Amino acid sequence: MLFYRQVVRWAFHMLYHEFAWSYDAVAALVSRGYWQRWTAAALPELQGVTLELGVGPGHMQLALSNRVATFGLDRSPTMLALAARRLRRAGIPPRLMRADAAALPVCSAACATVFATFPSEYIVDPATQAEIRRVLMPGGRLVLVPFAELDAGWYQRLMALAYRLTLQFRPRADHQSDQESSLTGTPERLELAGIVLHGRWVRVGASRVMVMVGTHGQEAYGTDL
């Protein structure tokens with residue numbers, strides 16, 4: 001199992017780096033064409049100075065380009081190049097950084113919102129979580145789009161099998177023995193970076209996507225304010 005996990009990680013590394021040019025096609029395939037609409041479900045929750053973790057090919061940066069105080073980062077130089085090209089073609093100066101989410105080049109309490117859509121396992125790294133808390137201002141928002149579901153049917157069953165084979169994580173109470181169990185909770189409630197996030201399902205065509213929001217300082221200590 002350890003060897004298989006390493007192979008899967010290698011495959012994802014290749015997708016995010018050497019084969020980043022194919023990312024949009026792969027995302028469209030696994031989502032039945034809904035991928036960009038799934039990520040866009042987070043837009044109503046984003047406010048103020050906004051930092052995107054893992055910009056990928058830059059679709060959300062383009063969607064947020066009318067907001068002055070928006071910037072993003074990614075570890076992959078290939079993804080950043082794709083994102084920058086997409087923004088420049090639209091006449092938008094890129095506000096992108098090559099950086100690791102575990103060491104954010106951002107001042108403390110500088111962000112009103114930190115968000116990530118379909119993040120990989122970096123999001124459960126304690127160092128990443130500590131950095132999210134550091135850069136969020138008091139009352140700032142953490143917004144996460146962790147997973148989505150196609151409506152029942154043969155395509156949904158096929159993609160569910162693909163997700164299991166590629167060890168994609170969905171936070172549920174029955175996953176507590178998994179390596180990723182530091183994302184604790186149910187599909188509608190989880191704790192990340194000491195912040196309790198509450199989720200809601202958003203309908204997107206013949207699918208639904210989970211959007212989770214937590215407020216820094218309100219529920220970090222288990223107290224509803």
# chains A, B, ... in the order shown; residues from 1 in each chain; ligands from 1
$ select_by_dssp --residues "chain A" --states "helix (DSSP H, G or I)" --output "ChimeraX atom specification"
/A:2-16,20-31,35-40,43-45,59-63,77-89,121-124,126-135,154-165,173-175
$ closest_atom_pairs --of "range 95-175 of chain A" --to "range 50-73 of chain A" --cutoff "10 Å" --atoms "only C-alpha atoms" --output "tab-separated table"
residue	atom	partner	partner_atom	distance
A:Arg95	CA	A:Phe71	CA	5.0
A:Leu96	CA	A:Gly72	CA	5.0
A:Met97	CA	A:Leu73	CA	4.6
A:Arg98	CA	A:Leu73	CA	5.6
A:Ala99	CA	A:Leu73	CA	5.9
A:Asp100	CA	A:Leu73	CA	7.8
A:Ala101	CA	A:Leu53	CA	6.7
A:Leu104	CA	A:Leu73	CA	8.8
A:Pro105	CA	A:Leu73	CA	9.5
A:Val106	CA	A:Leu51	CA	9.3
A:Ala110	CA	A:Thr50	CA	9.2
A:Cys111	CA	A:Thr50	CA	5.9
A:Ala112	CA	A:Thr50	CA	6.1
A:Thr113	CA	A:Thr50	CA	4.7
A:Val114	CA	A:Leu51	CA	4.8
A:Phe115	CA	A:Glu52	CA	5.1
A:Ala116	CA	A:Leu53	CA	5.2
A:Thr117	CA	A:Gly54	CA	7.9
A:Phe118	CA	A:Gly54	CA	9.1
A:Pro119	CA	A:Gly54	CA	7.1
A:Ser120	CA	A:Gly54	CA	9.0
A:Tyr122	CA	A:Gly54	CA	9.7
A:Ile123	CA	A:Leu53	CA	9.0
A:Ile132	CA	A:Leu53	CA	9.7
A:Val135	CA	A:Leu51	CA	9.3
A:Leu136	CA	A:Leu51	CA	9.5
A:Gly140	CA	A:Thr50	CA	9.8
A:Arg141	CA	A:Thr50	CA	9.3
A:Leu142	CA	A:Leu51	CA	9.8
A:Val143	CA	A:Glu52	CA	9.6
$ closest_residue --among "A:Leu192, A:Arg75, A:Val49, A:Met159" --to "Val26 in chain A" --atoms "only C-alpha atoms"
A:Met159
$ residues_around --residues "Glu188 in chain A" --least-positions-apart "5" --cutoff "9 Å" --atoms "only C-alpha atoms" --output "short mmCIF file (atom, residue, chain, number, x, y, z; two decimals) with N, CA, C and O atoms, in the first residue's frame"
data_model
loop_
_atom_site.label_atom_id
_atom_site.label_comp_id
_atom_site.auth_asym_id
_atom_site.auth_seq_id
_atom_site.Cartn_x
_atom_site.Cartn_y
_atom_site.Cartn_z
N LEU A 197 -15.04 24.76 10.34
CA LEU A 197 -15.69 25.14 9.10
C LEU A 197 -17.03 24.42 8.99
O LEU A 197 -17.13 23.24 9.30
N HIS A 198 -18.02 25.16 8.54
CA HIS A 198 -19.34 24.59 8.30
C HIS A 198 -19.61 24.63 6.80
O HIS A 198 -19.30 25.62 6.13
N GLY A 199 -20.16 23.54 6.29
CA GLY A 199 -20.34 23.43 4.86
C GLY A 199 -21.79 23.43 4.42
O GLY A 199 -22.70 23.15 5.21
N ARG A 200 -21.96 23.74 3.16
CA ARG A 200 -23.28 23.65 2.54
C ARG A 200 -23.09 23.13 1.12
O ARG A 200 -22.09 23.40 0.45
N TRP A 201 -24.06 22.35 0.67
CA TRP A 201 -24.04 21.84 -0.69
C TRP A 201 -24.59 22.89 -1.64
O TRP A 201 -25.61 23.53 -1.36
N MET A 210 -19.46 20.93 -2.34
CA MET A 210 -19.42 21.35 -0.95
C MET A 210 -18.58 22.62 -0.81
O MET A 210 -17.43 22.67 -1.26
N VAL A 211 -19.15 23.65 -0.21
CA VAL A 211 -18.44 24.89 0.10
C VAL A 211 -18.42 25.03 1.61
O VAL A 211 -19.46 25.03 2.26
N MET A 212 -17.22 25.15 2.18
CA MET A 212 -17.05 25.21 3.62
C MET A 212 -16.43 26.54 4.02
O MET A 212 -15.49 27.03 3.37
#
$ select_by_dssp --residues "range 32-134 of chain A" --states "strand (DSSP E or B)" --output "PyMOL selection string"
chain A and resi 50-53+70-74+96-98+111-117
$ write_last_selection --atoms "all heavy atoms" --output "compact mmCIF listing (two decimals), in the first residue's frame"
# COMPACT_ATOMS: atom_id res chain seq x y z
N THR A 50 -7.77 38.80 -0.40
CA THR A 50 -8.00 37.38 -0.59
C THR A 50 -6.75 36.69 -1.12
O THR A 50 -6.17 37.11 -2.13
CB THR A 50 -9.17 37.15 -1.57
OG1 THR A 50 -10.35 37.74 -1.04
CG2 THR A 50 -9.42 35.66 -1.78
N LEU A 51 -6.36 35.61 -0.46
CA LEU A 51 -5.22 34.79 -0.86
C LEU A 51 -5.72 33.42 -1.29
O LEU A 51 -6.42 32.75 -0.53
CB LEU A 51 -4.23 34.64 0.30
CG LEU A 51 -3.12 33.61 0.12
CD1 LEU A 51 -2.19 33.99 -1.04
CD2 LEU A 51 -2.31 33.45 1.41
N GLU A 52 -5.35 33.01 -2.50
CA GLU A 52 -5.68 31.67 -2.98
C GLU A 52 -4.47 30.76 -2.84
O GLU A 52 -3.39 31.06 -3.33
CB GLU A 52 -6.12 31.70 -4.44
CG GLU A 52 -6.48 30.30 -4.97
CD GLU A 52 -6.88 30.27 -6.43
OE1 GLU A 52 -6.71 31.31 -7.12
OE2 GLU A 52 -7.36 29.22 -6.88
N LEU A 53 -4.66 29.63 -2.17
CA LEU A 53 -3.62 28.62 -2.06
C LEU A 53 -3.78 27.62 -3.21
O LEU A 53 -4.84 27.02 -3.37
CB LEU A 53 -3.74 27.88 -0.73
CG LEU A 53 -3.72 28.74 0.54
CD1 LEU A 53 -3.83 27.84 1.77
CD2 LEU A 53 -2.46 29.58 0.61
N THR A 70 -6.54 40.80 -4.51
CA THR A 70 -6.55 39.35 -4.69
C THR A 70 -5.19 38.90 -5.20
O THR A 70 -4.65 39.50 -6.13
CB THR A 70 -7.63 38.93 -5.70
OG1 THR A 70 -8.92 39.31 -5.22
CG2 THR A 70 -7.61 37.42 -5.91
N PHE A 71 -4.65 37.87 -4.59
CA PHE A 71 -3.40 37.32 -5.08
C PHE A 71 -3.36 35.83 -4.76
O PHE A 71 -4.21 35.31 -4.03
CB PHE A 71 -2.18 38.04 -4.49
CG PHE A 71 -2.12 38.08 -2.98
CD1 PHE A 71 -1.18 37.34 -2.30
CD2 PHE A 71 -3.01 38.86 -2.23
CE1 PHE A 71 -1.11 37.39 -0.91
CE2 PHE A 71 -2.94 38.92 -0.85
CZ PHE A 71 -1.99 38.17 -0.19
N GLY A 72 -2.41 35.12 -5.36
CA GLY A 72 -2.38 33.68 -5.19
C GLY A 72 -0.99 33.12 -5.31
O GLY A 72 -0.06 33.80 -5.75
N LEU A 73 -0.87 31.86 -4.91
CA LEU A 73 0.43 31.20 -4.96
C LEU A 73 0.28 29.74 -5.36
O LEU A 73 -0.80 29.16 -5.28
CB LEU A 73 1.15 31.32 -3.63
CG LEU A 73 0.49 30.74 -2.37
CD1 LEU A 73 0.77 29.25 -2.21
CD2 LEU A 73 0.98 31.47 -1.13
N ASP A 74 1.38 29.19 -5.79
CA ASP A 74 1.45 27.77 -6.14
C ASP A 74 2.91 27.35 -6.06
O ASP A 74 3.81 28.18 -6.23
CB ASP A 74 0.91 27.54 -7.56
CG ASP A 74 0.37 26.13 -7.75
OD1 ASP A 74 1.17 25.17 -7.69
OD2 ASP A 74 -0.85 25.96 -7.94
N LEU A 96 0.82 36.83 -8.67
CA LEU A 96 1.09 35.44 -8.34
C LEU A 96 2.47 35.31 -7.69
O LEU A 96 3.38 36.08 -7.98
CB LEU A 96 1.05 34.58 -9.60
CG LEU A 96 -0.25 34.62 -10.42
CD1 LEU A 96 -0.07 33.89 -11.74
CD2 LEU A 96 -1.41 34.03 -9.62
N MET A 97 2.59 34.28 -6.85
CA MET A 97 3.87 34.00 -6.19
C MET A 97 4.15 32.51 -6.25
O MET A 97 3.23 31.70 -6.11
CB MET A 97 3.80 34.42 -4.71
CG MET A 97 3.46 35.87 -4.45
SD MET A 97 3.27 36.19 -2.67
CE MET A 97 1.68 35.40 -2.37
N ARG A 98 5.40 32.18 -6.46
CA ARG A 98 5.81 30.79 -6.31
C ARG A 98 6.20 30.61 -4.85
O ARG A 98 7.18 31.20 -4.37
CB ARG A 98 6.98 30.44 -7.22
CG ARG A 98 7.33 28.96 -7.13
CD ARG A 98 8.53 28.58 -7.96
NE ARG A 98 8.83 27.16 -7.82
CZ ARG A 98 9.94 26.57 -8.29
NH1 ARG A 98 10.84 27.31 -8.94
NH2 ARG A 98 10.13 25.28 -8.11
N CYS A 111 -4.68 39.00 5.67
CA CYS A 111 -5.71 38.51 4.75
C CYS A 111 -7.09 38.47 5.41
O CYS A 111 -7.24 37.99 6.53
CB CYS A 111 -5.36 37.12 4.25
SG CYS A 111 -3.79 37.02 3.37
N ALA A 112 -8.09 38.94 4.68
CA ALA A 112 -9.47 38.80 5.13
C ALA A 112 -10.02 37.43 4.77
O ALA A 112 -10.92 36.93 5.44
CB ALA A 112 -10.34 39.89 4.51
N THR A 113 -9.48 36.83 3.71
CA THR A 113 -9.91 35.51 3.27
C THR A 113 -8.72 34.72 2.75
O THR A 113 -7.90 35.25 2.01
CB THR A 113 -10.95 35.60 2.13
OG1 THR A 113 -12.04 36.43 2.53
CG2 THR A 113 -11.48 34.23 1.77
N VAL A 114 -8.65 33.47 3.17
CA VAL A 114 -7.74 32.50 2.57
C VAL A 114 -8.62 31.38 2.03
O VAL A 114 -9.53 30.91 2.73
CB VAL A 114 -6.73 31.94 3.58
CG1 VAL A 114 -5.91 30.81 2.96
CG2 VAL A 114 -5.81 33.05 4.09
N PHE A 115 -8.38 30.96 0.78
CA PHE A 115 -9.22 29.90 0.24
C PHE A 115 -8.42 28.93 -0.62
O PHE A 115 -7.34 29.25 -1.12
CB PHE A 115 -10.40 30.47 -0.54
CG PHE A 115 -10.09 30.88 -1.97
CD1 PHE A 115 -10.38 30.04 -3.03
CD2 PHE A 115 -9.53 32.12 -2.24
CE1 PHE A 115 -10.12 30.42 -4.34
CE2 PHE A 115 -9.27 32.53 -3.54
CZ PHE A 115 -9.56 31.66 -4.60
N ALA A 116 -8.99 27.73 -0.75
CA ALA A 116 -8.40 26.70 -1.61
C ALA A 116 -9.53 25.86 -2.18
O ALA A 116 -10.51 25.58 -1.49
CB ALA A 116 -7.43 25.82 -0.82
N THR A 117 -9.41 25.50 -3.45
CA THR A 117 -10.39 24.64 -4.08
C THR A 117 -9.75 23.31 -4.45
O THR A 117 -8.71 23.29 -5.08
CB THR A 117 -10.98 25.31 -5.35
OG1 THR A 117 -9.93 25.61 -6.26
CG2 THR A 117 -11.70 26.61 -4.98
